[in-house]
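A.B. asks: Before anything else, here's the structure in question.
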Amino acid sequence: MRFLPDEVEVEIREGESVLELAARAGITLRGACGGDGTCGRCLAVLREGAVRDADGVTLAEAEAVFRACRFHPVDGPVVIEVPDASRLHEHLVLTGGGDEDAGPLWAKESAVPIGRQADGPPDDPLLRRVIADVVPPEPGDGGSRGAGTDDWGRLASALARETGGEEVRADLFVLRELPAVLRARDWTVTADLGTAGGPGREVVAVEAGRAAGPAYGLAVDLGTTTVAAELVDLESGRVLGTLGTYNRQAAYGDDVISRIVFAGEHPGGRRQLQEAVINTVNGLVDELRRGCGIGRDAVRAAVCAGNPAMAHLFLGVDPAHIRLEPYTPAANFWPPCRAADVGLDLHPRAPVYVLPGVASYLGGDITGGLTASGFGTDGRAALFVDIGTNGEMVLGDGDWLVGCSCSAGPAFEGGGIACGMRAVAGAVERVGVTPGGFEVVCRTIGDGPPAGVCGSGLIAALAGLRRAGVINRAGQFEPGLETPRFRRGGGEAGGGVSGGAGLEFVLAWARETAHGRDLVLTGADVQNLLRAKAAVFAGLRTLLAAVNLDQREISRVYIAGGFGRFLNLPEAVAVGMLPDIAPERYTFVGNSSLRGARAALLSGRRLAGIGETARRVTYLELGEGTGFMEEYMAALFLPHTDMGLFPSVRERE
Ligand code: FES
C-alpha cells in the first residue's frame, strides 16, 4: 500500500485500518475520536485499488473520500492520498521552563540549542562512568575461597575504592560479559554505575579499558498532546538540546480516555499506542543526537514524566482501570527498566525511570513539576495548577499536600468550540473587544490572519465580551445588542437580535480570516467555556475546603503547562478560573514536567524526593461527596455567584 504525496509504502496486514497502516508508515492522521468513526477528521482519498469497511461496503472508484479509521484495504496494490487537512500538524510545544527560560519552540521547526545550562552541576546523576583498575588474580589465588577472589569480587573491590566504599551489585548480563571484558585490556575497565532506587549502585554495563567520552542522559515530558525531550550531559549537567513534537498517539484519540478505550477495545491497541509514543520519543532522540553529534550508545540513562495514562502506555501496561470505578492504576511507582525493554533508541542497557504518580489522574508530570518548581520550600501554603483537558492541582506546604484532578473537557484545547483550535500558527491568542461589541482586535500566534481561537484566546474572548457588556454574568448574550457582530447562527441577521438559542458573535469577518469564513463564538461555546473554567475553580475550592484554608492564605500559585504560558492572568481571574489574589503571587513555571525529569536525571536525591512527594499527597476523588458539585454549580457564572471571592473584579464592575 502506498501513501501520497509522501510516496511511502507499507505492507498490508490483515485487519489493519488505513489509519493504522498510515501510522506504521510514519504518517499521523487526526484521529480525534480514537477510530470510532464519529469525528470525521481522518479523511483520506482513494487513488488506486479498493477499500472496505466492517459492514462490507467497498469503495473502488478513484477519488472516493473515506474515513481512514473505518476502512481497510482490499488486497494490494492500493494507493491512498492523505490530504493536509487530515494530518496532525506541528503544535506549539512548551519545552522551556518558566518566564526566565528559553520559552516555547515550534515542534517541527525547532533548532537544537546547544549548550544551555541546567539548574546546576549534578550532585548525584542517575548514571556515572567510573574507571577501575582491577587487581588481577595471582598464581595460587585459585586455591583461596570466598567473596573477593572471583572476577566480580575483584571488580566490586576496585569500584568500592573509586566510589568511597559504595556497595555495588550486578545482574547476570554483566557477569556474562565480565570475564572477557576484564582480561581484554589488562584488567582496566569502565563501569556504568546506575542508581537502582535503593542503597548502593548497580553496574549497568562494563567496557574494557578507559572508555572515552562522557555519558549523556535523556529527560522526557510525555504529554498527551505533545512530547518534549532534553539531552543532558550527566557529568556537567549541561543541557545540549531540547526538542518537542506532537505525540503520535494522537492518531488514536485526542485525550487520554479515548486512548485508553482504544488500547482496550482494538486488538493489539495497547501495543500500537506504546509503539506510537516510543516512536515519538525516538524521533526526538534521533534529531537531538544528530544535532549534537552524539552516538546512540552514549545516551545511557533516561527519566520520563507523564500523566498516569501516558506512563502506562509508554511502559505497555494495561491502563483500562484508570477510567473504571474505583479508578485504580496498575501502579503509581514504576520499577526502572532498560531502554531495550521498551524499544528506546539509547544504549540498550540504559536505565529508564518513569516518575511516580499519586493516583489515576495525578501523575509523575505533577510530582516532578512540584519538585522542579520549588513548591512549598518556604513552608507556606502554595497551589500548583496544570490546566489541560484535565485540571490537575496540588495544594500544600512543607508538611501537608492535597491534590485532585477535575475534568475541564477539551474546550481549553479548542475542542467542542465552533472556531476552536490548538495553539498553532494562526490561532487567536489575544482578544480585545470595545464596549457594546462594535470592534474586536485579535492577535494570533505567528501574527498571520486568524484561523481559529486557542485556549488562551478563548479565555480572553470570554473576558472581553463580558467586559464589553456583550454577555451577562450567566454567560448569555445581552438582549438588544446593536452591533452587527451579534447575530443568529448562520449569519442571516444583523444587529438587534434578541435573546434565544443559536446566537453567535463574530470575532473576525470572513475577509480578515485565513480560511475566508467568519470566526464566531456561539452561545454554546460560551457555555462550554463556563463549564470548563467552573470545573477548575471548583477543584481549587474543594481542595481549600478540605484543609479549611482561605484562598487569601495562598502565598504562591504555580501555573504549569503550555496553556498557562500564554494565559493572560487578569483575564483568567476576571472569568473566575483562577483565584483573585495579588498578581505577584502567581508564577508561570512552564514545562515543569520536563524540568522535573531533568532534575531527577541529575540527582538521585531529587528522584527520591519526587517519590517522597508522591507518597505524601492526599488525593481527593472529586466524584465522592457533594462538595465539588456544589462548588461547580456556584462557579458557572462570570466570575462566580459569590462576588466576594473576586474583589478586584467586583471593584471594576
Ligand atoms: S472518524 Fe476516524 S478517527 Fe474519528
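Ordered as shown in the C-alpha cells, chains take letters A, B, and onward, while each chain numbers its residues from 1 and ligands are numbered from 1 in the order shown.
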Do you know which residues are within 8 Å of ligand 1 using only C-alpha atoms and all ligand atoms? Can you write them as number ranges by chain?
C.D. replies: A: 19, 29-43, 67-70, 251-253
A.B. asks: Output C-alpha atoms for every residue in the selection just made, as a CSV table (one decimal), in the first residue's frame.
C.D. replies:
chain,number,residue,atom,x,y,z
A,19,LEU,CA,-5.4,4.9,9.7
A,29,LEU,CA,-3.7,11.4,11.0
A,30,ARG,CA,-6.0,13.4,13.2
A,31,GLY,CA,-7.8,10.5,14.9
A,32,ALA,CA,-9.7,12.7,17.4
A,33,CYS,CA,-12.3,10.1,18.2
A,34,GLY,CA,-9.9,7.3,18.6
A,35,GLY,CA,-11.2,5.5,15.5
A,36,ASP,CA,-14.9,5.4,16.5
A,37,GLY,CA,-15.8,6.9,13.1
A,38,THR,CA,-17.6,9.8,14.7
A,39,CYS,CA,-15.2,12.8,14.3
A,40,GLY,CA,-14.7,12.7,10.6
A,41,ARG,CA,-11.1,14.2,10.9
A,42,CYS,CA,-9.3,11.2,9.4
A,43,LEU,CA,-10.5,11.6,5.8
A,67,ARG,CA,-12.7,7.7,6.9
A,68,ALA,CA,-9.3,6.1,7.3
A,69,CYS,CA,-10.2,4.6,10.7
A,70,ARG,CA,-13.2,2.7,9.3
A,251,ALA,CA,-3.8,9.2,15.7
A,252,TYR,CA,-5.7,7.0,18.2
A,253,GLY,CA,-7.6,9.7,20.1
A.B. asks: Considering only C-alpha atoms, give me a table of residues in stretch 546-621 of chain A that are at most 9 Å from stretch 340-361 of chain A, with the closest atom pair and distance in Å for each, as CSV.
C.D. replies:
residue,atom,partner,partner_atom,distance
A:Gly596,CA,A:Leu355,CA,8.7
A:Ala597,CA,A:Leu355,CA,7.4
A:Ala600,CA,A:Leu355,CA,8.4
A:Leu601,CA,A:Tyr353,CA,8.7
A:Leu607,CA,A:Leu355,CA,7.8
A:Ile610,CA,A:Pro356,CA,7.3
A:Gly611,CA,A:Pro356,CA,6.0
A:Thr613,CA,A:Val358,CA,8.8
A:Ala614,CA,A:Val358,CA,5.3
A:Arg615,CA,A:Val358,CA,6.9
A:Arg616,CA,A:Val358,CA,8.7
A:Val617,CA,A:Val358,CA,6.8
A:Thr618,CA,A:Val358,CA,8.2
A:Tyr619,CA,A:Ala359,CA,7.0
A.B. asks: Those same residues - all heavy atoms - I'd like them written as an mmCIF file, in the first residue's frame.
C.D. replies:
data_model
loop_
_atom_site.group_PDB
_atom_site.id
_atom_site.type_symbol
_atom_site.label_atom_id
_atom_site.label_comp_id
_atom_site.auth_asym_id
_atom_site.auth_seq_id
_atom_site.Cartn_x
_atom_site.Cartn_y
_atom_site.Cartn_z
ATOM 1 N N GLY A 596 11.250 18.572 35.874
ATOM 2 C CA GLY A 596 11.257 17.569 36.937
ATOM 3 C C GLY A 596 12.011 16.324 36.503
ATOM 4 O O GLY A 596 12.782 15.744 37.268
ATOM 5 N N ALA A 597 11.794 15.925 35.238
ATOM 6 C CA ALA A 597 12.501 14.750 34.708
ATOM 7 C C ALA A 597 14.008 15.023 34.669
ATOM 8 O O ALA A 597 14.816 14.168 35.023
ATOM 9 C CB ALA A 597 11.982 14.413 33.310
ATOM 10 N N ALA A 600 15.513 14.893 38.197
ATOM 11 C CA ALA A 600 15.690 13.513 38.656
ATOM 12 C C ALA A 600 16.875 12.852 37.956
ATOM 13 O O ALA A 600 17.636 12.099 38.570
ATOM 14 C CB ALA A 600 14.415 12.712 38.401
ATOM 15 N N LEU A 601 17.044 13.157 36.681
ATOM 16 C CA LEU A 601 18.144 12.575 35.903
ATOM 17 C C LEU A 601 19.498 12.962 36.503
ATOM 18 O O LEU A 601 20.449 12.181 36.514
ATOM 19 C CB LEU A 601 18.046 13.095 34.463
ATOM 20 C CG LEU A 601 18.954 12.540 33.393
ATOM 21 C CD1 LEU A 601 18.689 11.053 33.188
ATOM 22 C CD2 LEU A 601 18.744 13.298 32.087
ATOM 23 N N LEU A 607 15.285 12.476 42.726
ATOM 24 C CA LEU A 607 14.397 11.380 42.328
ATOM 25 C C LEU A 607 13.709 10.792 43.562
ATOM 26 O O LEU A 607 12.488 10.568 43.575
ATOM 27 C CB LEU A 607 15.185 10.295 41.589
ATOM 28 C CG LEU A 607 14.391 9.053 41.184
ATOM 29 C CD1 LEU A 607 13.293 9.402 40.183
ATOM 30 C CD2 LEU A 607 15.314 7.993 40.579
ATOM 31 N N ILE A 610 11.070 13.190 44.773
ATOM 32 C CA ILE A 610 9.828 13.142 43.997
ATOM 33 C C ILE A 610 8.968 11.970 44.475
ATOM 34 O O ILE A 610 7.749 12.078 44.624
ATOM 35 C CB ILE A 610 10.149 13.052 42.488
ATOM 36 C CG1 ILE A 610 10.766 14.377 42.017
ATOM 37 C CG2 ILE A 610 8.897 12.720 41.664
ATOM 38 C CD1 ILE A 610 11.366 14.340 40.620
ATOM 39 N N GLY A 611 9.626 10.837 44.760
ATOM 40 C CA GLY A 611 8.909 9.688 45.292
ATOM 41 C C GLY A 611 8.275 10.018 46.638
ATOM 42 O O GLY A 611 7.122 9.651 46.920
ATOM 43 N N THR A 613 7.382 12.985 47.677
ATOM 44 C CA THR A 613 6.244 13.878 47.415
ATOM 45 C C THR A 613 5.028 13.074 46.986
ATOM 46 O O THR A 613 3.909 13.297 47.463
ATOM 47 C CB THR A 613 6.624 14.894 46.306
ATOM 48 O OG1 THR A 613 7.719 15.672 46.768
ATOM 49 C CG2 THR A 613 5.462 15.805 45.962
ATOM 50 N N ALA A 614 5.247 12.117 46.064
ATOM 51 C CA ALA A 614 4.122 11.314 45.569
ATOM 52 C C ALA A 614 3.442 10.574 46.723
ATOM 53 O O ALA A 614 2.214 10.435 46.747
ATOM 54 C CB ALA A 614 4.619 10.326 44.515
ATOM 55 N N ARG A 615 4.229 10.106 47.674
ATOM 56 C CA ARG A 615 3.649 9.367 48.811
ATOM 57 C C ARG A 615 2.874 10.295 49.736
ATOM 58 O O ARG A 615 1.928 9.890 50.395
ATOM 59 C CB ARG A 615 4.758 8.689 49.622
ATOM 60 C CG ARG A 615 5.269 7.417 48.997
ATOM 61 C CD ARG A 615 6.205 6.651 49.927
ATOM 62 N NE ARG A 615 6.817 5.579 49.172
ATOM 63 C CZ ARG A 615 7.943 5.699 48.460
ATOM 64 N NH1 ARG A 615 8.573 6.857 48.431
ATOM 65 N NH2 ARG A 615 8.415 4.688 47.774
ATOM 66 N N ARG A 616 3.284 11.554 49.792
ATOM 67 C CA ARG A 616 2.699 12.465 50.779
ATOM 68 C C ARG A 616 1.403 13.114 50.327
ATOM 69 O O ARG A 616 0.669 13.663 51.149
ATOM 70 C CB ARG A 616 3.721 13.545 51.143
ATOM 71 C CG ARG A 616 4.790 13.043 52.109
ATOM 72 C CD ARG A 616 5.804 14.128 52.408
ATOM 73 N NE ARG A 616 5.170 15.408 52.611
ATOM 74 C CZ ARG A 616 5.610 16.556 52.098
ATOM 75 N NH1 ARG A 616 6.669 16.574 51.346
ATOM 76 N NH2 ARG A 616 4.989 17.679 52.343
ATOM 77 N N VAL A 617 1.132 13.117 49.010
ATOM 78 C CA VAL A 617 -0.076 13.810 48.537
ATOM 79 C C VAL A 617 -1.319 12.989 48.898
ATOM 80 O O VAL A 617 -1.407 11.808 48.578
ATOM 81 C CB VAL A 617 -0.048 14.020 47.004
ATOM 82 C CG1 VAL A 617 -1.346 14.686 46.536
ATOM 83 C CG2 VAL A 617 1.152 14.862 46.594
ATOM 84 N N THR A 618 -2.250 13.634 49.578
ATOM 85 C CA THR A 618 -3.555 13.013 49.828
ATOM 86 C C THR A 618 -4.442 13.360 48.645
ATOM 87 O O THR A 618 -4.681 14.538 48.355
ATOM 88 C CB THR A 618 -4.183 13.571 51.130
ATOM 89 O OG1 THR A 618 -3.281 13.311 52.203
ATOM 90 C CG2 THR A 618 -5.534 12.932 51.398
ATOM 91 N N TYR A 619 -4.898 12.338 47.937
ATOM 92 C CA TYR A 619 -5.676 12.578 46.712
ATOM 93 C C TYR A 619 -7.157 12.636 47.026
ATOM 94 O O TYR A 619 -7.694 11.745 47.690
ATOM 95 C CB TYR A 619 -5.385 11.453 45.706
ATOM 96 C CG TYR A 619 -6.050 11.669 44.375
ATOM 97 C CD1 TYR A 619 -5.593 12.641 43.497
ATOM 98 C CD2 TYR A 619 -7.147 10.901 43.994
ATOM 99 C CE1 TYR A 619 -6.203 12.848 42.272
ATOM 100 C CE2 TYR A 619 -7.759 11.097 42.762
ATOM 101 C CZ TYR A 619 -7.277 12.079 41.910
ATOM 102 O OH TYR A 619 -7.881 12.277 40.692
#
A.B. asks: What is the distance between atom CA of A:Ile471 and atom CA of A:Gly436, in Å to one decimal?
C.D. replies: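 Going from atom CA of A:Ile471 over to atom CA of A:Gly436, I get 9.8 Å.
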A.B. asks: Please provide as a VMD selection string all residues within 12 Å of A:Cys292, with the sequence filter that same-chain residues fewer than 2 positions apart are discarded (counting only C-alpha atoms).
C.D. replies: chain A and resid 111 to 115 216 230 to 233 239 to 242 285 to 290 294 to 296 298 to 299
A.B. asks: Can you list, as a ChimeraX atom specification, all residues belonging to stretch 353-499 of chain A that DSSP tags as strand (DSSP E)?
C.D. replies: /A:353-354,382-387,390-396,401-407,427-433,440-444,452-453,486-488
A.B. asks: I need the residues from that last selection saved to file as a compact mmCIF listing (two decimals), in the first residue's frame (with N, CA and C atoms), if you can.
C.D. replies:
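And here is the file that came out, out_28.txt:
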# COMPACT_ATOMS: atom_id res chain seq x y z
N TYR A 353 13.75 5.48 33.86
CA TYR A 353 12.89 5.71 35.03
C TYR A 353 11.65 6.46 34.58
N VAL A 354 10.50 6.08 35.14
CA VAL A 354 9.27 6.84 34.94
C VAL A 354 8.88 7.41 36.30
N ALA A 382 0.88 26.88 49.29
CA ALA A 382 1.03 27.20 47.86
C ALA A 382 0.11 26.30 47.06
N LEU A 383 -0.16 26.74 45.82
CA LEU A 383 -1.04 25.99 44.93
C LEU A 383 -0.31 25.76 43.61
N PHE A 384 -0.37 24.53 43.11
CA PHE A 384 0.24 24.17 41.83
C PHE A 384 -0.90 23.76 40.90
N VAL A 385 -0.99 24.37 39.72
CA VAL A 385 -2.10 24.08 38.80
C VAL A 385 -1.56 23.81 37.41
N ASP A 386 -2.01 22.73 36.80
CA ASP A 386 -1.67 22.42 35.41
C ASP A 386 -3.00 22.21 34.68
N ILE A 387 -3.29 23.11 33.74
CA ILE A 387 -4.61 23.07 33.08
C ILE A 387 -4.50 22.56 31.66
N ASN A 390 -7.62 18.03 31.57
CA ASN A 390 -7.84 17.87 33.00
C ASN A 390 -7.18 19.05 33.71
N GLY A 391 -7.81 19.50 34.78
CA GLY A 391 -7.17 20.49 35.63
C GLY A 391 -6.58 19.73 36.80
N GLU A 392 -5.25 19.61 36.84
CA GLU A 392 -4.61 18.88 37.93
C GLU A 392 -4.03 19.90 38.89
N MET A 393 -4.26 19.70 40.18
CA MET A 393 -3.78 20.71 41.12
C MET A 393 -3.39 20.08 42.45
N VAL A 394 -2.44 20.73 43.09
CA VAL A 394 -1.98 20.29 44.41
C VAL A 394 -1.88 21.54 45.28
N LEU A 395 -2.38 21.41 46.51
CA LEU A 395 -2.33 22.50 47.49
C LEU A 395 -1.54 21.98 48.68
N GLY A 396 -0.69 22.82 49.26
CA GLY A 396 0.02 22.34 50.45
C GLY A 396 1.16 23.24 50.84
N LEU A 401 0.10 17.95 51.87
CA LEU A 401 -0.20 18.14 50.45
C LEU A 401 -1.54 17.46 50.14
N VAL A 402 -2.45 18.19 49.48
CA VAL A 402 -3.68 17.56 48.98
C VAL A 402 -3.76 17.85 47.49
N GLY A 403 -4.27 16.88 46.73
CA GLY A 403 -4.33 17.07 45.29
C GLY A 403 -5.61 16.53 44.71
N CYS A 404 -5.94 16.97 43.51
CA CYS A 404 -7.12 16.46 42.82
C CYS A 404 -6.96 16.68 41.32
N SER A 405 -7.83 16.09 40.58
CA SER A 405 -7.85 16.30 39.14
C SER A 405 -9.30 16.44 38.73
N CYS A 406 -9.63 17.52 38.00
CA CYS A 406 -11.01 17.70 37.57
C CYS A 406 -11.05 17.71 36.05
N SER A 407 -12.12 17.21 35.50
CA SER A 407 -12.23 17.15 34.05
C SER A 407 -12.72 18.49 33.51
N ALA A 427 -3.69 30.70 15.35
CA ALA A 427 -4.67 30.66 16.44
C ALA A 427 -4.70 32.01 17.15
N VAL A 428 -5.90 32.52 17.37
CA VAL A 428 -6.05 33.77 18.11
C VAL A 428 -5.68 33.51 19.56
N GLU A 429 -4.75 34.29 20.10
CA GLU A 429 -4.35 34.10 21.50
C GLU A 429 -4.68 35.32 22.36
N ARG A 430 -4.98 36.45 21.74
CA ARG A 430 -5.38 37.66 22.48
C ARG A 430 -6.59 38.27 21.79
N VAL A 431 -7.53 38.76 22.59
CA VAL A 431 -8.75 39.36 22.04
C VAL A 431 -9.07 40.63 22.82
N GLY A 432 -9.33 41.70 22.10
CA GLY A 432 -9.80 42.93 22.73
C GLY A 432 -11.15 43.29 22.12
N VAL A 433 -12.14 43.67 22.97
CA VAL A 433 -13.49 44.00 22.48
C VAL A 433 -13.86 45.39 22.99
N VAL A 440 -13.48 44.50 17.40
CA VAL A 440 -12.74 43.42 18.04
C VAL A 440 -11.32 43.41 17.45
N VAL A 441 -10.34 43.30 18.31
CA VAL A 441 -8.96 43.17 17.85
C VAL A 441 -8.45 41.80 18.26
N CYS A 442 -7.98 41.04 17.27
CA CYS A 442 -7.46 39.69 17.56
C CYS A 442 -5.97 39.64 17.25
N ARG A 443 -5.21 39.03 18.14
CA ARG A 443 -3.79 38.79 17.83
C ARG A 443 -3.56 37.30 17.76
N THR A 444 -2.85 36.88 16.73
CA THR A 444 -2.67 35.44 16.53
C THR A 444 -1.24 35.01 16.81
N GLY A 452 -8.62 30.36 13.80
CA GLY A 452 -9.42 29.80 14.89
C GLY A 452 -8.94 30.45 16.19
N VAL A 453 -9.44 29.94 17.31
CA VAL A 453 -9.08 30.52 18.61
C VAL A 453 -8.60 29.41 19.52
N PHE A 486 -23.24 40.73 16.26
CA PHE A 486 -24.13 39.86 17.04
C PHE A 486 -25.27 39.40 16.13
N ARG A 487 -25.49 38.10 16.04
CA ARG A 487 -26.50 37.62 15.09
C ARG A 487 -26.98 36.21 15.46
N ARG A 488 -27.98 35.80 14.76
CA ARG A 488 -28.43 34.43 14.92
C ARG A 488 -27.51 33.53 14.09
A.B. asks: Would you pick out the contacts of A:Ala574 at 9 Å or less, using only C-alpha atoms, so that residues sharing its chain but fewer than 4 positions from it are not included, and give the list as a PyMOL selection string?
C.D. replies: chain A and resi 463+466-467+569-570+578+580+638-639+646+648-649
A.B. asks: Using only C-alpha atoms, determine which residues lie at most 8 Å from A:Gly455, disregarding the query and same-chain residues fewer than 6 positions distant; provide the list as a list in words.
C.D. replies: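 The filter keeps Ala411, Phe412, Glu413, Gly414, Gly420, Met421, Arg422, Ala423, Glu429 and Phe563 of chain A.
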A.B. asks: Any chance you could export the current selection's all heavy atoms as a short mmCIF file (atom, residue, chain, number, x, y, z; two decimals), in the first residue's frame?
C.D. replies:
data_model
loop_
_atom_site.label_atom_id
_atom_site.label_comp_id
_atom_site.auth_asym_id
_atom_site.auth_seq_id
_atom_site.Cartn_x
_atom_site.Cartn_y
_atom_site.Cartn_z
N ALA A 411 -12.35 22.02 25.92
CA ALA A 411 -12.56 23.40 25.46
C ALA A 411 -11.27 24.21 25.43
O ALA A 411 -11.01 24.95 24.49
CB ALA A 411 -13.59 24.09 26.36
N PHE A 412 -10.43 24.06 26.46
CA PHE A 412 -9.21 24.87 26.51
C PHE A 412 -8.20 24.45 25.44
O PHE A 412 -7.22 25.15 25.21
CB PHE A 412 -8.55 24.80 27.90
CG PHE A 412 -9.39 25.43 28.98
CD1 PHE A 412 -9.43 24.86 30.25
CD2 PHE A 412 -10.12 26.57 28.73
CE1 PHE A 412 -10.19 25.44 31.25
CE2 PHE A 412 -10.89 27.16 29.72
CZ PHE A 412 -10.93 26.59 30.99
N GLU A 413 -8.42 23.29 24.84
CA GLU A 413 -7.56 22.89 23.73
C GLU A 413 -8.29 23.07 22.40
O GLU A 413 -7.90 22.51 21.37
CB GLU A 413 -7.06 21.46 23.92
CG GLU A 413 -6.18 21.39 25.17
CD GLU A 413 -5.48 20.06 25.36
OE1 GLU A 413 -5.84 19.08 24.70
OE2 GLU A 413 -4.57 20.02 26.20
N GLY A 414 -9.39 23.81 22.46
CA GLY A 414 -10.12 24.14 21.23
C GLY A 414 -11.19 23.14 20.86
O GLY A 414 -11.91 23.33 19.88
N GLY A 420 -12.76 26.71 17.63
CA GLY A 420 -11.63 26.35 18.50
C GLY A 420 -10.53 25.65 17.72
O GLY A 420 -10.78 24.94 16.75
N MET A 421 -9.32 25.87 18.13
CA MET A 421 -8.18 25.14 17.55
C MET A 421 -7.07 25.12 18.59
O MET A 421 -7.13 25.82 19.60
CB MET A 421 -7.70 25.78 16.25
CG MET A 421 -7.11 27.17 16.39
SD MET A 421 -6.70 27.92 14.78
CE MET A 421 -5.21 27.05 14.33
N ARG A 422 -6.09 24.29 18.33
CA ARG A 422 -4.97 24.21 19.26
C ARG A 422 -4.04 25.39 19.04
O ARG A 422 -4.15 26.14 18.07
CB ARG A 422 -4.24 22.89 19.06
CG ARG A 422 -5.08 21.73 19.55
CD ARG A 422 -4.19 20.61 20.02
NE ARG A 422 -4.94 19.68 20.82
CZ ARG A 422 -5.01 18.37 20.56
NH1 ARG A 422 -4.35 17.87 19.54
NH2 ARG A 422 -5.70 17.58 21.35
N ALA A 423 -3.07 25.50 19.94
CA ALA A 423 -2.16 26.65 19.91
C ALA A 423 -1.11 26.48 18.82
O ALA A 423 0.05 26.19 19.09
CB ALA A 423 -1.51 26.82 21.29
N GLU A 429 -4.75 34.29 20.10
CA GLU A 429 -4.35 34.10 21.50
C GLU A 429 -4.68 35.32 22.36
O GLU A 429 -4.64 35.23 23.58
CB GLU A 429 -2.85 33.79 21.58
CG GLU A 429 -1.98 34.80 20.90
CD GLU A 429 -0.53 34.73 21.31
OE1 GLU A 429 -0.24 34.06 22.31
OE2 GLU A 429 0.29 35.36 20.65
N PHE A 563 -0.68 25.79 28.29
CA PHE A 563 -1.82 26.70 28.37
C PHE A 563 -1.50 27.88 29.27
O PHE A 563 -1.74 29.04 28.95
CB PHE A 563 -3.03 25.92 28.88
CG PHE A 563 -4.28 26.74 28.99
CD1 PHE A 563 -4.70 27.55 27.95
CD2 PHE A 563 -5.07 26.67 30.12
CE1 PHE A 563 -5.86 28.30 28.04
CE2 PHE A 563 -6.23 27.40 30.22
CZ PHE A 563 -6.62 28.22 29.19
#
A.B. asks: When you look at A:Arg271 with a cut-off of 12 Å (counting only C-alpha atoms), what residues show up, excluding the ones that are within fewer than 3 positions of it in the same chain? I need them as a ChimeraX atom specification.
C.D. replies: /A:20,249,252,259-260,262-264,266-268,274-279,312-319,342-343
A.B. asks: Pick from A:Gly539, A:Gly369, A:Gly26, A:Pro179: nearest to A:Thr280, with only C-alpha atoms counted?
C.D. replies: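 Smallest separation from A:Thr280 among the options: A:Gly26.
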A.B. asks: Write out as a PyMOL selection string the residues lying within 8 Å of A:Lys533, counting only C-alpha atoms and excluding same-chain residues fewer than 4 positions away.
C.D. replies: chain A and resi 408+529+537+575-577+635
A.B. asks: Keeping only C-alpha atoms, take the residues you just selected and write them out as a PDB file, in the first residue's frame.
C.D. replies:
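For reference, selection-v3.pdb as written:
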ATOM      1  CA  ALA A 408     -12.201  20.501  32.264  1.00  0.00           C
ATOM      2  CA  LEU A 529     -16.081  27.551  28.382  1.00  0.00           C
ATOM      3  CA  PHE A 537     -12.162  26.734  40.103  1.00  0.00           C
ATOM      4  CA  VAL A 575     -13.738  34.950  34.181  1.00  0.00           C
ATOM      5  CA  GLY A 576     -13.371  33.193  37.545  1.00  0.00           C
ATOM      6  CA  MET A 577     -10.979  30.422  36.586  1.00  0.00           C
ATOM      7  CA  ALA A 635     -18.781  28.729  39.631  1.00  0.00           C
TER       8      ALA A 635
END
A.B. asks: Can you list every residue in stretch 204-279 of chain A that DSSP puts in alpha helix (DSSP H), as a PyMOL selection string?
C.D. replies: chain A and resi 256-265+269-279
A.B. asks: For A:Val130, which of A:Ala215, A:Val174, A:Arg185, A:Arg650 is the closest residue, counting only C-alpha atoms?
C.D. replies: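 Closest to A:Val130, using only C-alpha atoms: A:Ala215.
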